[in-house]
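A.B. asks: File my_file_26.cif below, mmCIF, C-alpha atoms:
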```cif
data_coords
loop_
_atom_site.label_atom_id
_atom_site.label_comp_id
_atom_site.auth_asym_id
_atom_site.auth_seq_id
_atom_site.Cartn_x
_atom_site.Cartn_y
_atom_site.Cartn_z
CA MET A 1 -11.99 14.19 -47.09
CA ARG A 2 -14.11 11.55 -45.36
CA LEU A 3 -11.09 9.23 -45.20
CA VAL A 4 -8.96 11.93 -43.57
CA SER A 5 -11.76 12.67 -41.11
CA ASP A 6 -12.08 8.98 -40.17
CA LYS A 7 -8.31 8.64 -39.73
CA LEU A 8 -8.25 11.72 -37.50
CA ARG A 9 -11.14 10.38 -35.44
CA LEU A 10 -9.35 7.04 -34.94
CA LEU A 11 -6.11 8.82 -34.04
CA LEU A 12 -7.85 10.96 -31.43
CA GLU A 13 -9.59 7.87 -30.09
CA ASP A 14 -6.23 6.09 -29.74
CA ILE A 15 -4.79 9.11 -27.91
CA PHE A 16 -7.77 9.03 -25.53
CA LEU A 17 -7.24 5.32 -24.84
CA ILE A 18 -3.52 5.88 -24.16
CA TYR A 19 -4.41 8.68 -21.75
CA CYS A 20 -7.02 6.42 -20.12
CA ALA A 21 -4.39 3.71 -19.63
CA TRP A 22 -1.95 6.27 -18.16
CA VAL A 23 -4.48 7.59 -15.64
CA ALA A 24 -5.72 4.09 -14.76
CA PHE A 25 -2.20 2.77 -14.12
CA PHE A 26 -0.81 5.65 -12.07
CA SER A 27 -3.99 6.46 -10.15
CA PHE A 28 -4.07 2.77 -9.23
CA LEU A 29 -0.48 2.90 -7.97
CA ASP A 30 -1.46 5.79 -5.70
CA THR A 31 -3.57 3.27 -3.76
CA THR A 32 -0.62 0.90 -3.28
CA THR A 33 2.76 0.94 -1.55
CA VAL A 34 4.58 1.08 -4.91
CA SER A 35 6.45 4.36 -5.38
CA PHE A 36 8.76 5.64 -8.12
CA ALA A 37 11.13 8.44 -7.15
CA TRP A 38 11.38 9.52 -10.80
CA LYS A 39 7.63 9.46 -11.44
CA SER A 40 6.86 13.19 -11.30
CA GLU A 41 9.88 14.45 -13.27
CA ILE A 42 9.49 12.00 -16.14
CA LEU A 43 5.76 11.44 -16.30
CA ASN A 44 4.30 14.90 -15.67
CA PRO A 45 5.34 16.22 -19.10
CA ILE A 46 3.85 13.11 -20.73
CA ARG A 47 0.65 13.59 -18.78
CA ALA A 48 0.47 17.24 -19.81
CA ILE A 49 0.82 16.38 -23.51
CA LEU A 50 -1.81 13.63 -23.37
CA PHE A 51 -4.11 15.87 -21.32
CA ALA A 52 -3.86 18.67 -23.89
CA LEU A 53 -4.44 16.33 -26.84
CA VAL A 54 -7.53 14.77 -25.26
CA CYS A 55 -8.90 18.23 -24.45
CA MET A 56 -8.40 19.17 -28.10
CA SER A 57 -10.20 16.01 -29.18
CA ILE A 58 -13.17 16.94 -26.98
CA LEU A 59 -13.47 20.22 -28.88
CA THR A 60 -13.83 18.27 -32.15
CA LYS A 61 -16.87 16.36 -30.87
CA LYS A 62 -19.98 18.05 -32.25
CA GLU A 63 -22.73 15.52 -31.54
CA TRP A 64 -23.74 16.89 -28.14
CA THR A 65 -27.43 17.15 -27.32
CA LYS A 66 -28.68 19.98 -25.12
CA LEU A 67 -29.09 17.55 -22.22
CA GLU A 68 -25.57 16.19 -22.67
CA ALA A 69 -24.19 19.74 -22.86
CA ALA A 70 -25.87 20.54 -19.54
CA GLU A 71 -24.38 17.35 -18.03
CA VAL A 72 -20.92 18.37 -19.30
CA VAL A 73 -21.24 21.76 -17.64
CA LEU A 74 -22.26 20.13 -14.35
CA ILE A 75 -19.37 17.64 -14.50
CA LEU A 76 -16.82 20.38 -15.25
CA MET A 77 -18.17 22.55 -12.43
CA ALA A 78 -18.07 19.61 -10.01
CA PHE A 79 -14.63 18.22 -10.77
CA ILE A 80 -12.79 21.50 -11.37
CA GLY A 81 -14.47 23.14 -8.38
CA SER A 82 -13.57 20.18 -6.19
CA TYR A 83 -9.95 20.23 -7.38
CA MET A 84 -9.64 23.93 -6.62
CA THR A 85 -10.64 23.33 -3.00
CA PHE A 86 -9.64 19.73 -2.19
CA HIS A 87 -6.58 19.44 -4.48
CA ARG A 88 -6.80 15.69 -4.88
CA ARG A 89 -4.77 14.02 -7.62
CA PHE A 90 -6.47 12.87 -10.82
CA ILE A 91 -9.75 14.77 -10.21
CA VAL A 92 -9.37 16.91 -13.34
CA ASP A 93 -8.07 13.90 -15.29
CA ALA A 94 -11.24 12.04 -14.35
CA ALA A 95 -13.41 14.88 -15.72
CA VAL A 96 -11.50 14.89 -19.01
CA LEU A 97 -11.84 11.11 -19.32
CA ILE A 98 -15.57 11.22 -18.57
CA ILE A 99 -16.24 13.87 -21.22
CA GLY A 100 -13.62 12.60 -23.68
CA ALA A 101 -15.24 9.16 -23.76
CA LYS A 102 -18.09 10.64 -25.86
CA ASN A 103 -19.11 8.11 -28.57
CA ILE A 104 -16.08 5.89 -27.94
CA ASP A 105 -16.84 2.18 -27.67
CA PHE A 106 -17.07 1.49 -23.93
CA LYS A 107 -15.78 -2.02 -24.56
CA LYS A 108 -12.47 -0.53 -25.75
CA ILE A 109 -12.33 1.72 -22.70
CA LEU A 110 -12.92 -1.22 -20.36
CA LYS A 111 -10.27 -3.32 -22.12
CA VAL A 112 -7.65 -0.59 -21.83
CA TYR A 113 -8.63 0.23 -18.23
CA LEU A 114 -8.55 -3.46 -17.27
CA ALA A 115 -5.14 -4.05 -18.88
CA ALA A 116 -3.55 -1.01 -17.24
CA SER A 117 -5.12 -1.63 -13.84
CA MET A 118 -4.31 -5.34 -13.88
CA ALA A 119 -0.68 -4.50 -14.65
CA ALA A 120 -0.59 -2.19 -11.62
CA PHE A 121 -2.49 -4.74 -9.51
CA VAL A 122 -0.14 -7.63 -10.33
CA LEU A 123 2.92 -5.39 -9.92
CA SER A 124 1.85 -4.20 -6.48
CA VAL A 125 0.99 -7.70 -5.24
CA ILE A 126 4.19 -9.32 -6.52
CA LEU A 127 6.49 -6.57 -5.20
CA SER A 128 4.85 -6.78 -1.79
CA GLN A 129 5.17 -10.56 -1.61
CA ILE A 130 8.88 -10.61 -2.48
CA GLY A 131 9.66 -7.87 0.04
CA ILE A 132 10.50 -4.97 -2.27
CA THR A 133 7.49 -2.90 -1.15
CA GLN A 134 5.60 -2.89 2.12
CA ASN A 135 2.91 -5.50 2.67
CA PHE A 136 0.80 -4.23 5.55
CA VAL A 137 -0.64 -6.79 7.96
CA PHE A 138 -3.34 -5.34 10.17
CA VAL A 139 -4.10 -6.98 13.50
CA GLN A 140 -7.35 -5.49 14.75
CA GLU A 141 -8.38 -7.05 18.05
CA LYS A 142 -11.77 -5.35 18.12
CA ARG A 143 -12.97 -7.43 15.18
CA SER A 144 -14.67 -10.65 16.25
CA LEU A 145 -13.99 -12.42 12.92
CA ARG A 146 -10.81 -12.45 10.83
CA ASN A 147 -8.93 -9.86 12.85
CA VAL A 148 -5.64 -10.49 10.99
CA ARG A 149 -5.95 -8.79 7.62
CA TYR A 150 -3.51 -8.69 4.69
CA SER A 151 -3.33 -5.76 2.25
CA PHE A 152 -1.21 -7.45 -0.49
CA GLY A 153 0.77 -4.34 -1.34
CA HIS A 154 -2.11 -1.89 -1.05
CA LEU A 155 -2.46 0.94 1.46
CA TYR A 156 -5.32 -0.89 3.15
CA VAL A 157 -7.11 -4.23 2.83
CA THR A 158 -10.35 -2.71 1.54
CA ASP A 159 -8.39 -0.98 -1.26
CA PHE A 160 -7.11 -4.37 -2.39
CA CYS A 161 -10.56 -5.99 -2.18
CA ALA A 162 -12.29 -3.09 -3.94
CA HIS A 163 -9.85 -3.32 -6.83
CA LEU A 164 -10.39 -7.06 -7.00
CA LEU A 165 -14.17 -6.57 -7.03
CA PHE A 166 -14.23 -3.88 -9.73
CA LEU A 167 -11.65 -5.57 -11.97
CA SER A 168 -13.38 -8.95 -11.71
CA GLY A 169 -16.69 -7.38 -12.71
CA ILE A 170 -15.07 -5.67 -15.70
CA ALA A 171 -13.39 -8.91 -16.79
CA VAL A 172 -16.69 -10.81 -16.70
CA LEU A 173 -18.40 -8.04 -18.68
CA LEU A 174 -15.74 -8.41 -21.37
CA LEU A 175 -16.05 -12.22 -21.32
CA ILE A 176 -19.84 -12.17 -21.42
CA ASN A 177 -19.84 -13.45 -25.01
CA TYR A 178 -18.41 -16.77 -23.85
CA GLU A 179 -21.33 -17.45 -21.51
CA ARG A 180 -19.45 -20.02 -19.46
CA LYS A 181 -21.18 -20.88 -16.22
CA VAL A 182 -17.84 -21.63 -14.55
CA ILE A 183 -16.95 -17.91 -14.79
CA GLY A 184 -19.52 -17.08 -12.14
CA ALA A 185 -17.92 -19.55 -9.73
CA VAL A 186 -14.83 -17.33 -9.64
CA PHE A 187 -16.91 -14.77 -7.73
CA LEU A 188 -17.52 -17.33 -4.99
CA LEU A 189 -13.80 -18.10 -4.71
CA GLU A 190 -13.00 -14.40 -4.53
CA ALA A 191 -15.63 -13.91 -1.84
CA LEU A 192 -13.99 -16.63 0.26
CA PHE A 193 -10.55 -15.15 -0.37
CA CYS A 194 -11.61 -11.64 0.70
CA PHE A 195 -13.24 -13.01 3.84
CA TRP A 196 -10.42 -15.34 4.90
CA PHE A 197 -7.32 -13.27 4.10
CA CYS A 198 -8.67 -9.73 4.30
CA GLY A 199 -11.66 -9.88 6.63
CA ALA A 200 -13.42 -7.61 4.13
CA PHE A 201 -17.13 -8.20 4.72
CA THR A 202 -18.38 -5.63 2.21
CA ALA A 203 -16.37 -7.18 -0.64
CA THR A 204 -17.43 -10.66 0.48
CA ILE A 205 -21.11 -9.68 0.35
CA CYS A 206 -20.71 -7.95 -3.03
CA PHE A 207 -18.95 -10.97 -4.54
CA GLY A 208 -21.72 -13.18 -3.14
CA ILE A 209 -24.37 -11.01 -4.79
CA LEU A 210 -22.47 -11.10 -8.10
CA PHE A 211 -22.23 -14.89 -7.85
CA CYS A 212 -26.00 -15.21 -7.40
CA MET A 213 -26.93 -12.61 -10.01
CA TYR A 214 -24.57 -14.03 -12.63
CA TYR A 215 -26.40 -17.34 -12.58
CA TYR A 216 -29.77 -15.63 -12.32
CA THR A 217 -29.07 -13.83 -15.60
CA PHE A 218 -28.50 -17.23 -17.21
CA TYR A 219 -31.94 -18.27 -16.03
CA LEU A 220 -33.48 -15.12 -17.50
CA LYS A 221 -31.82 -15.76 -20.82
CA LYS A 222 -32.94 -19.39 -20.81
CA VAL A 223 -36.61 -18.43 -20.42
CA ASN A 224 -36.15 -15.41 -22.74
CA ALA A 225 -37.49 -13.13 -20.00
CA LYS A 226 -37.83 -9.89 -21.96
CA GLU A 227 -41.02 -9.10 -20.11
CA ASN A 228 -38.96 -8.60 -16.94
CA LYS A 229 -37.42 -5.38 -18.27
CA LYS A 230 -39.91 -3.14 -16.44
CA GLY A 231 -39.20 -4.99 -13.23
CA TRP A 232 -35.59 -3.79 -13.31
CA ALA A 233 -36.52 -0.11 -13.84
CA PHE A 234 -36.59 0.64 -10.10
CA LEU A 235 -32.81 0.17 -10.02
CA MET A 236 -32.40 3.62 -11.57
CA ALA A 237 -33.33 5.05 -8.17
CA VAL A 238 -30.56 3.13 -6.38
CA PRO A 239 -27.77 5.79 -6.46
CA ALA A 240 -29.98 8.60 -5.18
CA PHE A 241 -31.72 6.32 -2.67
CA PHE A 242 -28.49 5.04 -1.09
CA SER A 243 -27.09 8.56 -1.02
CA GLU A 244 -30.14 9.99 0.74
CA ILE A 245 -30.37 7.10 3.21
CA MET A 246 -26.70 7.18 4.26
CA ILE A 247 -26.59 10.97 4.58
CA ALA A 248 -29.86 11.02 6.55
CA LEU A 249 -28.76 8.20 8.88
CA SER A 250 -25.44 9.94 9.52
CA LEU A 251 -27.16 13.24 10.29
CA VAL A 252 -29.69 11.80 12.76
CA TYR A 253 -27.43 9.16 14.34
CA GLY A 254 -27.53 9.09 18.11
CA LYS A 255 -25.75 6.76 20.56
CA ASP A 256 -28.80 6.65 22.78
CA ILE A 257 -30.97 5.09 20.06
CA ASN A 258 -30.56 1.34 20.40
CA TRP A 259 -31.36 0.28 16.84
CA MET A 260 -29.07 2.94 15.39
CA ASN A 261 -26.29 1.90 17.73
CA THR A 262 -26.69 -1.70 16.57
CA LEU A 263 -26.73 -0.63 12.92
CA ASN A 264 -23.64 1.49 13.48
CA ARG A 265 -21.74 -1.49 14.93
CA LEU A 266 -22.80 -3.69 12.02
CA MET A 267 -21.53 -1.02 9.64
CA HIS A 268 -18.24 -0.68 11.53
CA GLU A 269 -19.03 2.83 12.80
CA ARG A 270 -19.84 4.38 9.40
CA LEU A 271 -22.75 6.28 10.94
CA SER A 272 -20.91 7.66 13.96
CA TYR A 273 -17.98 8.92 11.88
CA GLY A 274 -20.43 10.38 9.38
CA LYS A 275 -22.18 12.18 12.23
CA GLU A 276 -18.84 13.48 13.49
CA GLY A 277 -18.02 14.68 10.00
CA PHE A 278 -21.21 16.73 9.75
CA GLU A 279 -20.58 18.21 13.19
CA ARG A 280 -17.00 19.24 12.36
CA TYR A 281 -17.38 20.39 8.76
CA PRO A 282 -20.07 22.37 6.92
CA VAL A 283 -21.64 21.21 3.68
CA THR A 284 -20.27 23.33 0.82
CA CYS A 285 -20.84 23.60 -2.92
CA PHE A 286 -17.33 22.58 -4.02
CA GLY A 287 -15.88 20.83 -1.00
CA GLN A 288 -13.12 21.61 1.44
CA TYR A 289 -10.02 20.12 2.97
CA VAL A 290 -11.12 17.42 5.41
CA GLU A 291 -8.38 15.94 7.56
CA LEU A 292 -8.91 12.19 7.25
CA ARG A 293 -6.84 9.94 9.51
CA GLY A 294 -7.44 6.30 8.70
CA ASN A 295 -5.60 2.99 8.82
CA GLY A 296 -4.31 3.24 5.25
CA GLY A 297 -0.53 3.32 4.89
CA SER A 298 0.25 2.30 8.47
CA GLU A 299 -0.25 -0.79 10.60
CA VAL A 300 -0.84 1.41 13.65
CA THR A 301 -4.33 2.84 14.05
CA PRO A 302 -4.15 6.60 14.80
CA LYS A 303 -5.33 7.58 18.26
CA ASP A 304 -7.40 10.36 16.71
CA TYR A 305 -8.80 8.09 14.00
CA PHE A 306 -11.35 9.78 11.76
CA PHE A 307 -12.30 8.56 8.31
CA LEU A 308 -15.37 8.94 6.10
CA ASP A 309 -15.62 5.51 4.49
CA CYS A 310 -19.11 5.95 3.06
CA SER A 311 -18.73 7.35 -0.47
CA TYR A 312 -21.89 9.43 -0.30
CA VAL A 313 -20.91 11.21 2.91
CA ASN A 314 -17.26 11.42 1.84
CA ILE A 315 -18.10 13.09 -1.49
CA LEU A 316 -20.58 15.49 0.08
CA LEU A 317 -18.19 16.78 2.77
CA CYS A 318 -14.86 16.53 0.93
CA HIS A 319 -15.92 17.41 -2.63
CA GLY A 320 -19.19 19.28 -2.16
CA ILE A 321 -22.84 19.17 -3.15
CA VAL A 322 -22.15 19.78 -6.85
CA MET A 323 -19.80 16.79 -7.04
CA LEU A 324 -22.28 14.52 -5.25
CA VAL A 325 -25.06 15.54 -7.64
CA ALA A 326 -22.76 14.98 -10.63
CA VAL A 327 -21.65 11.50 -9.51
CA ILE A 328 -25.20 10.42 -8.64
CA LEU A 329 -26.37 11.72 -12.03
CA ILE A 330 -23.61 9.82 -13.84
CA MET A 331 -24.45 6.54 -12.11
CA THR A 332 -28.20 7.04 -12.63
CA VAL A 333 -27.76 7.70 -16.37
CA ASN A 334 -25.46 4.68 -16.62
CA ILE A 335 -28.05 2.44 -14.99
CA TYR A 336 -30.70 3.83 -17.34
CA LYS A 337 -28.50 3.08 -20.37
CA ALA A 338 -27.88 -0.48 -19.17
CA TRP A 339 -31.60 -0.97 -18.45
CA LYS A 340 -32.61 0.42 -21.83
CA ILE A 341 -30.49 -2.08 -23.78
CA GLU A 342 -31.31 -4.92 -21.34
CA ALA A 343 -27.66 -5.52 -20.45
CA ARG A 344 -28.52 -7.26 -17.20
CA PHE A 345 -25.07 -8.07 -15.86
CA LEU A 346 -23.85 -4.55 -16.63
CA LEU A 347 -26.90 -3.32 -14.73
CA VAL A 348 -26.07 -5.59 -11.80
CA MET A 349 -22.44 -4.44 -11.78
CA LEU A 350 -23.46 -0.78 -11.67
CA VAL A 351 -25.77 -1.46 -8.73
CA ILE A 352 -22.98 -3.39 -6.95
CA VAL A 353 -20.78 -0.32 -7.29
CA CYS A 354 -23.48 1.69 -5.50
CA VAL A 355 -23.86 -0.99 -2.82
CA ASP A 356 -20.10 -1.12 -2.21
CA SER A 357 -20.12 2.68 -1.91
CA ILE A 358 -22.31 2.51 1.19
CA MET A 359 -19.32 1.16 3.09
CA GLU A 360 -16.32 2.22 0.98
CA HIS A 361 -15.12 5.56 -0.43
CA HIS A 362 -14.50 4.52 -4.04
CA LEU A 363 -17.58 5.74 -5.94
CA GLY A 364 -16.12 8.96 -7.34
CA ASP A 365 -12.54 7.71 -7.70
CA ILE A 366 -11.37 6.93 -11.24
CA ALA A 367 -8.71 4.62 -9.76
CA TYR A 368 -11.51 2.20 -8.85
CA ASN A 369 -14.62 3.12 -10.81
CA PRO A 370 -14.22 3.18 -14.62
CA PHE A 371 -18.01 3.26 -15.01
CA LEU A 372 -17.78 7.03 -14.53
CA MET A 373 -16.63 7.07 -18.18
CA MET A 374 -19.75 5.27 -19.37
CA ILE A 375 -22.19 8.21 -19.34
CA PHE A 376 -21.25 9.53 -22.81
CA ALA A 377 -19.61 6.38 -24.19
CA ASN A 378 -21.10 4.02 -26.77
CA VAL A 379 -22.52 0.89 -25.08
CA SER A 380 -24.22 -0.62 -28.14
CA TRP A 381 -21.85 -3.62 -27.97
CA MET A 382 -23.89 -4.86 -24.99
CA LYS A 383 -27.27 -4.39 -26.70
CA GLU A 384 -27.76 -7.96 -27.83
CA LYS A 385 -26.39 -9.47 -24.63
CA THR A 386 -29.02 -10.43 -22.09
CA VAL A 387 -26.54 -11.87 -19.63
#
```
Written as C-alpha cells, that's how I'd like the structure from this file.

C.D. replies:
Amino acid sequence: MRLVSDKLRLLLEDIFLIYCAWVAFFSFLDTTTVSFAWKSEILNPIRAILFALVCMSILTKKEWTKLEAAEVVLILMAFIGSYMTFHRRFIVDAAVLIIGAKNIDFKKILKVYLAASMAAFVLSVILSQIGITQNFVFVQEKRSLRNVRYSFGHLYVTDFCAHLLFLSGIAVLLLINYERKVIGAVFLLEALFCFWFCGAFTATICFGILFCMYYYTFYLKKVNAKENKKGWAFLMAVPAFFSEIMIALSLVYGKDINWMNTLNRLMHERLSYGKEGFERYPVTCFGQYVELRGNGGSEVTPKDYFFLDCSYVNILLCHGIVMLVAVILIMTVNIYKAWKIEARFLLVMLVIVCVDSIMEHHLGDIAYNPFLMMIFANVSWMKEKTV
C-alpha cells in the first residue's frame, strides 16, 4: 500500500511539473512577438486536462497547517477574484501552481521552469534575429542615455531584460553547489549588455547588485559568518515597505514639489502615472479593467500613453487590495523561509525581485516570477548552502 501511495505521489508530482512547464512556456511567449495561429485550438484541451489533474492532486495533499490553509484561502480569493474582474490570462493557472507546489522540491520546480522559459527565451530571440518575428527597435529621443533600445523579440525592452534577470538568478541558484567565482562575473556582463543594447537602467542596477552580493556571500562563507543571520532579518519587511512607499509616493505626488519632481524624472515618471492611476480609478477589493496604453508591441509611443509600471501600484489598481496583500504575503513568507535556512543568495534574489518591482510590473506575473511557487514548496535543498 505504501509503495502504491509513493508511486501515486510521484506521478502527481510529475503531472504538476509538466503543467508548470506548460504554463511557464506559453505565458512566456505571451510577452514576446512569437505567435502560433493553432495555439488555442490544440493547446486549450491539453491545458484543461493538466489543470484538472493538478487540481485533483491538490485535494490529495493533507499536510496543511491552519496557517497554510488560511493562506490558501487568501490566494484563491485573490487570484480567482482578480480573474473574474480583470480577465488576464494565466491568473488562475498561477494560483493552481502556487498551491499545487505544496511539499514539492523547489529545486525541481526551478529546473522545469528554467528549462521551459529558456526554450521560449531562445526561440523568441532567434526568430526575431532571423526576421521571422518582429524585433522592435525603440528610438526614444527623450532619453539622455542609450535612446536606441532593442527588444530582441519581446514586446518591450524591459520584458526582455526582466526575463534575463530572473532566469539568470534562477540558473545561479541551481548552480550554487559549484561555487565558482566566475559565475558571478556573468552578472556584470549582463548588466553591461542591458545598459548598452536595451538602455534598461533598472535591470542594469539589479544585475550590479547581484554581482556585488554574489561575491559578498563568498566572503560570508569564508569567515563562517553564521552570527550575521539576525542582521538579515530586516529583509522580511522589504515587500511591504516597498509597497507602502511606492503607493504613498504615488498618492501624494505633486508637480509643484521640487524633490518629488526630480524623483519622478529619475524614476521615468512612475510617480506621475501612479498618481494619474489613482485619480482615474478607485481602489477595489478584486481589481477592475484598467486601460493601459504603453510602448509594448509597437515602436510608436501612443499619444495618450498611460502605463502603471510599478508592480505595487499596478497590482493594487488592476487586481485589487486582496491580490496585493496575497502577493506581499507570499514574498514575505518566502524571504522568511530563505532567512530561516540561511540561504543567502536565495534571500538576495527574492529581495532583487522586490527591488525590480518598484520600476517594473512583473511581481505578480508567473511568466516572470517563479518564486510565487515557493511559499508552500520544499526548500530544504538550500538548507546547507550558505552562498

A.B. asks: Once the PyMOL selection byres ((chain A and resi 286-294) around 12) has been applied to the shown file, what residues remain in the selection, as a count of residues only?

C.D. replies: 59

A.B. asks: Just checking: using only C-alpha atoms, which residue out of A:Phe90, A:Trp196, A:Phe345, A:Tyr312 ends up closest to Val148 (chain A)?

C.D. replies: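 Once distances to Val148 (chain A) are computed over only C-alpha atoms, the minimum belongs to A:Trp196.
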
A.B. asks: Could you check which of A:Lys337, A:Arg89, A:Lys108, A:Arg9 is closest to Thr60 (chain A), using all atoms listed in the file?

C.D. replies: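 For Thr60 (chain A), the nearest of the candidates is A:Arg9.
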
A.B. asks: For this file, the PyMOL selection byres ((chain A and resi 240) around 10) selects which residues, as a list in words?

C.D. replies: Met236, Ala237, Val238, Pro239, Phe241, Phe242, Ser243, Glu244, Ile245, Tyr312, Leu324, Val325, Val327, Ile328, Leu329, Met331, Thr332 and Cys354 of chain A

A.B. asks: With distances taken over only C-alpha atoms, which of A:Ala69, A:Leu165, A:Leu97, A:Val172 is nearest to Val23 (chain A)?

C.D. replies: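 Closest to Val23 (chain A) of all the choices is A:Leu97.
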
A.B. asks: Using all atoms listed in the file, which protein or nucleic acid residues come within 10 Å of Leu372 (chain A)? Drop anything in the same chain fewer than 4 positions from it, and give the result as number ranges by chain.

C.D. replies: A: 94-95, 97-99, 101, 327, 330-331, 334, 363-366, 368, 376-377

A.B. asks: What would the file look like if the residues just selected were written as a compact mmCIF listing (two decimals), keeping the file's coordinate frame with C-alpha atoms?

C.D. replies:
```txt
# COMPACT_ATOMS: atom_id res chain seq x y z
CA ALA A 94 -11.24 12.04 -14.35
CA ALA A 95 -13.41 14.88 -15.72
CA LEU A 97 -11.84 11.11 -19.32
CA ILE A 98 -15.57 11.22 -18.57
CA ILE A 99 -16.24 13.87 -21.22
CA ALA A 101 -15.24 9.16 -23.76
CA VAL A 327 -21.65 11.50 -9.51
CA ILE A 330 -23.61 9.82 -13.84
CA MET A 331 -24.45 6.54 -12.11
CA ASN A 334 -25.46 4.68 -16.62
CA LEU A 363 -17.58 5.74 -5.94
CA GLY A 364 -16.12 8.96 -7.34
CA ASP A 365 -12.54 7.71 -7.70
CA ILE A 366 -11.37 6.93 -11.24
CA TYR A 368 -11.51 2.20 -8.85
CA PHE A 376 -21.25 9.53 -22.81
CA ALA A 377 -19.61 6.38 -24.19
```

A.B. asks: Choose the residue, out of A:Met349, A:Val34, A:Met359, A:Leu164, that has the smallest atom-to-atom separation from Ser128 (chain A); count all atoms listed in the file.

C.D. replies: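 So, comparing all the options, the nearest one is A:Val34.
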
A.B. asks: For CA of Asn369 (chain A) and CA of Ala248 (chain A), quote the distance in Å rounded to one decimal.

C.D. replies: 24.4 Å

A.B. asks: Excluding region 210-212 of chain A and any residue of its chain fewer than 5 positions from it, enumerate the residues within 12 Å of it, using all atoms listed in the file, and give them as a PyMOL selection string.

C.D. replies: chain A and resi 165-166+168-170+172-173+181-192+203-205+217-219+344-353+355-356

A.B. asks: Counting all atoms listed in the file, what is within 7 Å of region 109-117 of chain A, bar same-chain residues fewer than 6 positions away, as a list of chain:residue names?

C.D. replies: A:Leu17, A:Cys20, A:Ala21, A:Ala24, A:Phe25, A:Phe28, A:Leu167, A:Ile170

A.B. asks: Let me know the residues the PyMOL selection byres ((chain A and resi 255) around 12) catches in the file above, as a VMD selection string.

C.D. replies: chain A and resid 250 252 to 254 256 to 265 269 271 to 273 275 to 276

A.B. asks: Go ahead and compute the interatomic distance for CA of Leu251 (chain A) and CA of Asn147 (chain A), in Å to one decimal.

C.D. replies: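 These two atoms are separated by 29.5 Å.
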